[in-house]
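Source file: data38.cif (mmCIF, C-alpha atoms)
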data_my_file
loop_
_atom_site.group_PDB
_atom_site.id
_atom_site.type_symbol
_atom_site.label_atom_id
_atom_site.label_comp_id
_atom_site.auth_asym_id
_atom_site.auth_seq_id
_atom_site.Cartn_x
_atom_site.Cartn_y
_atom_site.Cartn_z
ATOM 1 C CA MET A 23 102.690 -49.613 95.847
ATOM 2 C CA LEU A 24 105.326 -48.034 98.123
ATOM 3 C CA HIS A 25 104.873 -46.493 101.550
ATOM 4 C CA ARG A 26 107.377 -43.842 102.596
ATOM 5 C CA ALA A 27 107.949 -42.407 106.076
ATOM 6 C CA ASP A 28 110.684 -40.056 107.378
ATOM 7 C CA GLY A 29 112.344 -40.002 103.989
ATOM 8 C CA ALA A 30 112.697 -43.786 103.784
ATOM 9 C CA TYR A 31 110.680 -46.532 102.126
ATOM 10 C CA VAL A 32 109.309 -48.716 104.943
ATOM 11 C CA ALA A 33 106.754 -50.895 103.169
ATOM 12 C CA THR A 34 105.636 -52.014 99.766
ATOM 13 C CA ARG A 35 102.622 -53.903 98.471
ATOM 14 C CA MET A 36 103.028 -56.193 95.512
ATOM 15 C CA ALA A 37 100.023 -57.406 93.523
ATOM 16 C CA VAL A 38 100.447 -60.774 91.826
ATOM 17 C CA SER A 39 97.961 -62.080 89.255
ATOM 18 C CA VAL A 40 96.878 -65.700 89.705
ATOM 19 C CA ASP A 41 94.905 -68.138 87.621
ATOM 20 C CA PRO A 42 91.248 -67.865 88.790
ATOM 21 C CA GLU A 43 90.850 -71.592 88.155
ATOM 22 C CA ALA A 44 93.883 -72.515 90.274
ATOM 23 C CA ASP A 45 93.460 -74.414 93.529
ATOM 24 C CA GLY A 46 93.367 -72.119 96.546
ATOM 25 C CA ASP A 47 95.735 -74.271 98.595
ATOM 26 C CA ALA A 48 98.254 -74.309 95.736
ATOM 27 C CA ILE A 49 98.131 -70.515 95.472
ATOM 28 C CA ILE A 50 98.754 -70.120 99.200
ATOM 29 C CA ASP A 51 101.573 -72.679 99.249
ATOM 30 C CA GLN A 52 103.409 -71.050 96.350
ATOM 31 C CA SER A 53 102.912 -67.563 97.785
ATOM 32 C CA GLU A 54 104.194 -68.600 101.193
ATOM 33 C CA THR A 55 107.231 -70.239 99.583
ATOM 34 C CA VAL A 56 108.138 -66.960 97.870
ATOM 35 C CA ALA A 57 107.449 -65.041 101.100
ATOM 36 C CA ALA A 58 109.781 -67.360 103.035
ATOM 37 C CA GLU A 59 112.580 -66.711 100.546
ATOM 38 C CA LEU A 60 112.127 -62.953 100.913
ATOM 39 C CA ASP A 61 111.961 -63.265 104.699
ATOM 40 C CA ALA A 62 115.355 -64.959 104.600
ATOM 41 C CA GLY A 63 116.728 -61.838 102.942
ATOM 42 C CA GLY A 64 115.789 -59.653 105.888
ATOM 43 C CA ALA A 65 112.372 -58.451 104.738
ATOM 44 C CA THR A 66 109.122 -59.161 106.577
ATOM 45 C CA VAL A 67 106.603 -60.539 104.083
ATOM 46 C CA THR A 68 102.920 -61.280 104.698
ATOM 47 C CA VAL A 69 100.782 -63.153 102.191
ATOM 48 C CA THR A 70 97.272 -61.745 101.858
ATOM 49 C CA GLY A 71 94.612 -61.093 99.257
ATOM 50 C CA GLU A 72 91.239 -62.522 98.241
ATOM 51 C CA PRO A 73 92.417 -66.116 97.536
ATOM 52 C CA VAL A 74 94.161 -66.298 100.913
ATOM 53 C CA VAL A 75 91.281 -64.829 102.898
ATOM 54 C CA GLY A 76 88.750 -66.961 101.023
ATOM 55 C CA GLU A 77 90.691 -70.129 101.722
ATOM 56 C CA LEU A 78 91.015 -69.287 105.411
ATOM 57 C CA ILE A 79 87.272 -68.689 105.675
ATOM 58 C CA GLN A 80 86.549 -71.981 103.913
ATOM 59 C CA ASP A 81 88.877 -73.835 106.280
ATOM 60 C CA HIS A 82 86.970 -72.517 109.314
ATOM 61 C CA LEU A 83 83.439 -73.039 107.974
ATOM 62 C CA LEU A 84 83.187 -76.618 109.226
ATOM 63 C CA ASP A 85 84.222 -75.563 112.727
ATOM 64 C CA THR A 86 81.653 -72.775 112.577
ATOM 65 C CA LEU A 87 78.964 -75.224 111.472
ATOM 66 C CA LEU A 88 79.700 -77.679 114.264
ATOM 67 C CA ARG A 89 79.883 -75.029 116.965
ATOM 68 C CA SER A 90 76.702 -73.257 115.909
ATOM 69 C CA LEU A 91 74.826 -76.557 115.575
ATOM 70 C CA ALA A 92 75.963 -77.745 119.005
ATOM 71 C CA VAL A 93 74.957 -74.474 120.662
ATOM 72 C CA THR A 94 71.588 -74.465 118.869
ATOM 73 C CA LEU A 95 70.749 -78.061 119.780
ATOM 74 C CA LEU A 96 71.748 -77.625 123.415
ATOM 75 C CA ALA A 97 69.829 -74.363 123.782
ATOM 76 C CA VAL A 98 66.673 -75.757 122.179
ATOM 77 C CA LEU A 99 66.945 -78.994 124.166
ATOM 78 C CA ALA A 100 67.261 -77.068 127.418
ATOM 79 C CA VAL A 101 64.151 -75.032 126.641
ATOM 80 C CA LEU A 102 62.137 -78.105 125.654
ATOM 81 C CA LEU A 103 63.194 -80.048 128.751
ATOM 82 C CA VAL A 104 62.138 -77.232 131.053
ATOM 83 C CA VAL A 105 58.873 -76.395 129.271
ATOM 84 C CA PHE A 106 57.650 -79.977 128.921
ATOM 85 C CA ARG A 107 58.672 -80.760 132.491
ATOM 86 C CA VAL A 108 56.717 -77.788 133.825
ATOM 87 C CA VAL A 109 53.691 -78.111 131.553
ATOM 88 C CA HIS A 110 53.352 -81.879 131.169
ATOM 89 C CA GLY A 111 55.530 -83.262 133.941
ATOM 90 C CA SER A 112 57.866 -85.045 131.538
ATOM 91 C CA ALA A 113 61.228 -83.667 130.470
ATOM 92 C CA ALA A 114 61.678 -86.824 128.385
ATOM 93 C CA LEU A 115 58.862 -85.682 126.097
ATOM 94 C CA GLY A 116 60.936 -82.625 125.270
ATOM 95 C CA ALA A 117 63.896 -84.798 124.270
ATOM 96 C CA VAL A 118 61.626 -87.025 122.163
ATOM 97 C CA THR A 119 60.261 -83.936 120.408
ATOM 98 C CA LEU A 120 63.744 -82.799 119.405
ATOM 99 C CA LEU A 121 65.037 -86.163 118.169
ATOM 100 C CA PRO A 122 63.371 -86.053 114.697
ATOM 101 C CA VAL A 123 64.814 -82.564 114.215
ATOM 102 C CA ALA A 124 68.318 -83.876 114.887
ATOM 103 C CA LEU A 125 67.690 -86.600 112.309
ATOM 104 C CA ALA A 126 66.559 -83.981 109.793
ATOM 105 C CA VAL A 127 69.873 -82.163 110.313
ATOM 106 C CA SER A 128 71.808 -85.323 109.422
ATOM 107 C CA TRP A 129 69.601 -85.841 106.361
ATOM 108 C CA ILE A 130 70.175 -82.342 105.023
ATOM 109 C CA VAL A 131 73.947 -82.521 105.557
ATOM 110 C CA GLY A 132 73.972 -85.831 103.690
ATOM 111 C CA THR A 133 71.888 -84.337 100.899
ATOM 112 C CA MET A 134 74.332 -81.461 100.502
ATOM 113 C CA THR A 135 77.129 -84.004 100.135
ATOM 114 C CA VAL A 136 75.211 -86.005 97.523
ATOM 115 C CA LEU A 137 74.377 -82.853 95.538
ATOM 116 C CA GLY A 138 77.991 -81.741 95.692
ATOM 117 C CA TYR A 139 77.180 -78.451 97.425
ATOM 118 C CA PRO A 140 80.229 -77.119 99.280
ATOM 119 C CA LEU A 141 80.007 -75.315 102.591
ATOM 120 C CA SER A 142 79.629 -71.587 102.057
ATOM 121 C CA VAL A 143 78.908 -68.554 104.185
ATOM 122 C CA LEU A 144 75.201 -69.062 103.391
ATOM 123 C CA ASN A 145 74.996 -72.855 103.608
ATOM 124 C CA VAL A 146 76.767 -72.989 106.950
ATOM 125 C CA ILE A 147 73.604 -71.753 108.692
ATOM 126 C CA ILE A 148 71.418 -74.504 107.206
ATOM 127 C CA ALA A 149 71.897 -76.893 110.136
ATOM 128 C CA SER A 150 70.857 -74.337 112.745
ATOM 129 C CA LEU A 151 68.002 -73.198 110.514
ATOM 130 C CA THR A 152 66.798 -76.809 110.341
ATOM 131 C CA VAL A 153 66.580 -76.949 114.126
ATOM 132 C CA GLY A 154 64.795 -73.602 114.361
ATOM 133 C CA ILE A 155 62.143 -74.483 111.780
ATOM 134 C CA GLY A 156 61.835 -78.214 112.404
ATOM 135 C CA VAL A 157 61.264 -77.962 116.142
ATOM 136 C CA ASP A 158 58.096 -75.925 115.530
ATOM 137 C CA TYR A 159 56.518 -78.774 113.558
ATOM 138 C CA SER A 160 57.503 -81.327 116.189
ATOM 139 C CA ILE A 161 56.123 -79.229 119.037
ATOM 140 C CA HIS A 162 52.725 -79.001 117.307
ATOM 141 C CA VAL A 163 52.588 -82.795 116.954
ATOM 142 C CA SER A 164 53.715 -83.481 120.525
ATOM 143 C CA GLU A 165 51.267 -81.001 122.017
ATOM 144 C CA ARG A 166 48.305 -82.376 120.054
ATOM 145 C CA PHE A 167 49.274 -85.929 120.987
ATOM 146 C CA ARG A 168 49.470 -84.968 124.652
ATOM 147 C CA ASP A 169 46.048 -83.329 124.473
ATOM 148 C CA GLU A 170 44.541 -86.474 122.950
ATOM 149 C CA LEU A 171 46.040 -88.586 125.723
ATOM 150 C CA ALA A 172 44.629 -86.204 128.322
ATOM 151 C CA ASP A 173 41.173 -86.766 126.814
ATOM 152 C CA GLY A 174 41.503 -90.476 127.551
ATOM 153 C CA ALA A 175 42.618 -91.827 124.177
ATOM 154 C CA THR A 176 44.987 -94.759 123.896
ATOM 155 C CA PRO A 177 48.438 -93.977 122.443
ATOM 156 C CA GLU A 178 47.459 -95.530 119.109
ATOM 157 C CA ALA A 179 44.180 -93.629 118.892
ATOM 158 C CA ALA A 180 45.852 -90.448 120.076
ATOM 159 C CA ILE A 181 48.527 -90.512 117.393
ATOM 160 C CA THR A 182 45.939 -91.275 114.707
ATOM 161 C CA ALA A 183 43.849 -88.288 115.766
ATOM 162 C CA THR A 184 46.998 -86.161 115.978
ATOM 163 C CA ILE A 185 48.107 -86.855 112.412
ATOM 164 C CA ARG A 186 44.591 -86.458 111.040
ATOM 165 C CA GLY A 187 44.035 -83.209 112.873
ATOM 166 C CA THR A 188 47.484 -81.628 112.599
ATOM 167 C CA GLY A 189 49.079 -83.233 109.548
ATOM 168 C CA ALA A 190 47.226 -81.181 106.942
ATOM 169 C CA ALA A 191 48.014 -77.906 108.679
ATOM 170 C CA LEU A 192 51.691 -78.808 108.951
ATOM 171 C CA LEU A 193 51.757 -79.857 105.298
ATOM 172 C CA GLY A 194 50.316 -76.524 104.224
ATOM 173 C CA SER A 195 52.775 -74.632 106.396
ATOM 174 C CA ALA A 196 55.763 -76.659 105.183
ATOM 175 C CA ALA A 197 54.754 -76.409 101.519
ATOM 176 C CA THR A 198 54.298 -72.641 101.537
ATOM 177 C CA THR A 199 57.528 -72.074 103.465
ATOM 178 C CA ALA A 200 59.458 -74.389 101.134
ATOM 179 C CA VAL A 201 58.109 -72.597 98.071
ATOM 180 C CA GLY A 202 59.048 -69.235 99.578
ATOM 181 C CA PHE A 203 62.654 -70.286 100.116
ATOM 182 C CA GLY A 204 62.733 -72.393 96.961
ATOM 183 C CA VAL A 205 62.253 -69.312 94.800
ATOM 184 C CA LEU A 206 65.884 -68.494 95.598
ATOM 185 C CA ALA A 207 66.828 -71.454 93.385
ATOM 186 C CA LEU A 208 66.007 -69.165 90.436
ATOM 187 C CA ALA A 209 68.575 -66.575 91.540
ATOM 188 C CA ILE A 210 71.501 -65.765 89.271
ATOM 189 C CA HIS A 211 74.084 -66.083 92.041
ATOM 190 C CA PRO A 212 75.018 -69.814 92.483
ATOM 191 C CA PRO A 213 75.398 -69.671 96.298
ATOM 192 C CA LEU A 214 71.871 -68.235 96.554
ATOM 193 C CA GLN A 215 70.589 -70.975 94.245
ATOM 194 C CA GLN A 216 72.138 -73.626 96.462
ATOM 195 C CA PHE A 217 70.833 -71.988 99.626
ATOM 196 C CA GLY A 218 67.284 -71.841 98.260
ATOM 197 C CA THR A 219 67.360 -75.455 97.073
ATOM 198 C CA VAL A 220 68.827 -76.846 100.285
ATOM 199 C CA THR A 221 66.484 -74.827 102.497
ATOM 200 C CA ALA A 222 63.413 -76.044 100.596
ATOM 201 C CA ILE A 223 64.595 -79.648 100.935
ATOM 202 C CA MET A 224 65.363 -79.070 104.600
ATOM 203 C CA ILE A 225 61.802 -77.937 105.288
ATOM 204 C CA GLY A 226 60.536 -81.105 103.631
ATOM 205 C CA TYR A 227 62.779 -83.193 105.872
ATOM 206 C CA ALA A 228 61.587 -81.339 108.971
ATOM 207 C CA PHE A 229 57.964 -82.042 107.992
ATOM 208 C CA LEU A 230 58.676 -85.736 107.362
ATOM 209 C CA GLY A 231 60.441 -86.011 110.695
ATOM 210 C CA ALA A 232 57.424 -84.553 112.476
ATOM 211 C CA VAL A 233 54.741 -86.705 110.806
ATOM 212 C CA VAL A 234 56.662 -89.935 110.097
ATOM 213 C CA VAL A 235 59.404 -90.360 112.713
ATOM 214 C CA LEU A 236 57.956 -88.495 115.705
ATOM 215 C CA PRO A 237 54.608 -90.387 115.897
ATOM 216 C CA SER A 238 56.379 -93.694 116.538
ATOM 217 C CA LEU A 239 58.560 -92.108 119.205
ATOM 218 C CA LEU A 240 55.541 -90.557 120.905
ATOM 219 C CA VAL A 241 53.720 -93.890 121.057
ATOM 220 C CA LEU A 242 56.798 -95.525 122.580
ATOM 221 C CA TRP A 243 57.049 -92.684 125.102
ATOM 222 C CA ALA A 244 53.391 -93.048 126.056
ATOM 223 C CA ARG A 245 53.698 -96.810 126.471
ATOM 224 C CA ALA A 246 56.717 -96.342 128.714
ATOM 225 C CA ARG A 247 54.700 -93.922 130.877
ATOM 226 C CA PRO A 248 51.414 -95.533 131.905
ATOM 227 C CA ASP A 249 50.485 -92.306 133.670
ATOM 228 C CA ALA A 250 50.921 -90.206 130.498
ATOM 229 C CA SER A 251 47.187 -89.987 129.937
ATOM 230 C CA ASP A 252 46.485 -89.168 133.575
ATOM 231 C CA ALA A 253 48.239 -85.789 133.731
ATOM 232 C CA PRO A 254 45.972 -82.865 132.875
ATOM 233 C CA ALA A 255 46.585 -80.934 129.685
ATOM 234 C CA ALA A 256 47.813 -77.363 129.965
ATOM 235 C CA ASP A 257 44.959 -74.907 130.439
ATOM 236 C CA PRO A 258 44.660 -72.123 127.864
ATOM 237 C CA ALA A 259 45.638 -68.720 129.175
ATOM 238 C CA GLY A 260 42.845 -67.011 130.980
ATOM 239 C CA THR A 261 40.812 -70.159 131.770
#

Go ahead and render the structure in this file as structure tokens.
Amino acid sequence: MLHRADGAYVATRMAVSVDPEADGDAIIDQSETVAAELDAGGATVTVTGEPVVGELIQDHLLDTLLRSLAVTLLAVLAVLLVVFRVVHGSAALGAVTLLPVALAVSWIVGTMTVLGYPLSVLNVIIASLTVGIGVDYSIHVSERFRDELADGATPEAAITATIRGTGAALLGSAATTAVGFGVLALAIHPPLQQFGTVTAIMIGYAFLGAVVVLPSLLVLWARARPDASDAPAADPAGT
């Protein structure tokens, strides 16, 4: 395709067919080699097209994942520290609540590696999504545990009552949410299949973190704070 201005040809676009199975880096390297040769002849050549753009996006996905995860974790941590400090007098409880969620993030990233799922525009949001969903489960467990302590229970009795009273509800919530996302595994488009599968697994990890990892951390927190059962529980609104 030629572009003409003021009676002279000033630009041209050349379409080059490539093997769809070829490696993206190899396509870019060969194209840039040809472009450099043409540049040496006095022309200004820019390599573009779907393979080039796709490869550039793929190269920046990891940076996007790390930045978004860092921002998400810091923002959620800040909120938890403030809320638990104001409501329960312990910012540390907020940090303890978030720790199992951070572990769930590492588990899901490892699972993606084991399954051979590459980073994609959809999968790159999985880590932040894990934090957003997983922190809800952990907050429910921490709040119930704190209420049991406020009623005079020992840390061991409090965590037992917490899991018995909250575990079933969290299991039902996690199972229905996982099934809802898991349906995407039946999609025709492979990236959607991977997204649905990974998200369903992620919800399972978030649930396990809340009912398996967090209880031990809460007991350790309570033992380290002898006054944990002395602080009053938050009053419901309007009471």

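If you look at atom CA of A:Thr219 and atom CA of A:Leu206, they are 7.3 Å away from each other.
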
message: Taking all atoms listed in the file into account, name the residue in A:Leu208, A:Ala113, A:Leu242, A:Ile155 that is nearest to A:Pro177.
response: A:Leu242

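Atom pair atom CA of A:Trp129 / atom CA of A:Met224 has a distance of 8.2 Å (rounded to one decimal).
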
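This file gives the following result for the PyMOL selection byres ((chain A and resi 90-93) around 10): A:Leu84, A:Asp85, A:Thr86, A:Leu87, A:Leu88, A:Arg89, A:Thr94, A:Leu95, A:Leu96, A:Ala97, A:Val98, A:Leu99, A:Ala124, A:Val127, A:Val146, A:Ile147, A:Ile148, A:Ala149, A:Ser150, A:Leu151, A:Thr152, A:Val153.
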
- prompt: Once the PyMOL selection byres ((chain A and resi 199) around 12) has been applied to the shown file, what residues remain in the selection, as a list in words?
  reply: Ile155, Gly156, Leu192, Leu193, Gly194, Ser195, Ala196, Ala197, Thr198, Ala200, Val201, Gly202, Phe203, Gly204, Val205, Gly218, Thr221, Ala222, Ile223, Met224, Ile225, Gly226, Ala228 and Phe229 of chain A

- request: Kindly give the distance, in Å, that separates atom CA of A:Leu141 and atom CA of A:Leu230, rounded to a single decimal.
  value: 24.2 Å

Take every atom of stretch 123-142 of chain A listed in the file, pad by 4 Å on each side, and give me the axis-aligned box centre and edge lengths in Å, one decimal, as JSON.
{"center_x": 72.5, "center_y": -79.1, "center_z": 105.2, "size_x": 23.4, "size_y": 23.0, "size_z": 27.3}

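For the choices A:Ile161, A:Leu240, A:Leu83, A:Ala126, the atom-to-atom distance to A:Val105 is smallest for A:Ile161 when using only C-alpha atoms.
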
What are the closest atom pairs, with distances in Å to one decimal, for all residues of stretch 125-223 of chain A lying within 7 Å of stretch 232-237 of chain A? Consider only C-alpha atoms, order rows by chain and residue number, and present the result as a Markdown table.
| residue | atom | partner | partner_atom | distance |
| --- | --- | --- | --- | --- |
| A:Tyr159 | CA | A:Ala232 | CA | 5.9 |
| A:Ser160 | CA | A:Ala232 | CA | 4.9 |
| A:Val163 | CA | A:Ala232 | CA | 6.8 |
| A:Ile181 | CA | A:Pro237 | CA | 6.3 |
| A:Ile185 | CA | A:Val233 | CA | 6.8 |
| A:Gly189 | CA | A:Val233 | CA | 6.8 |

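Compared by their closest atoms to A:Leu115, and using all atoms listed in the file, the residues A:Asp158, A:Val143, A:Pro213, A:Arg168 rank with A:Arg168 nearest.
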
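Between A:Ala175 and the candidates A:Ala48, A:Phe106, A:Gly138, A:Val241, the tightest atom-to-atom separation, counting only C-alpha atoms, involves A:Val241.
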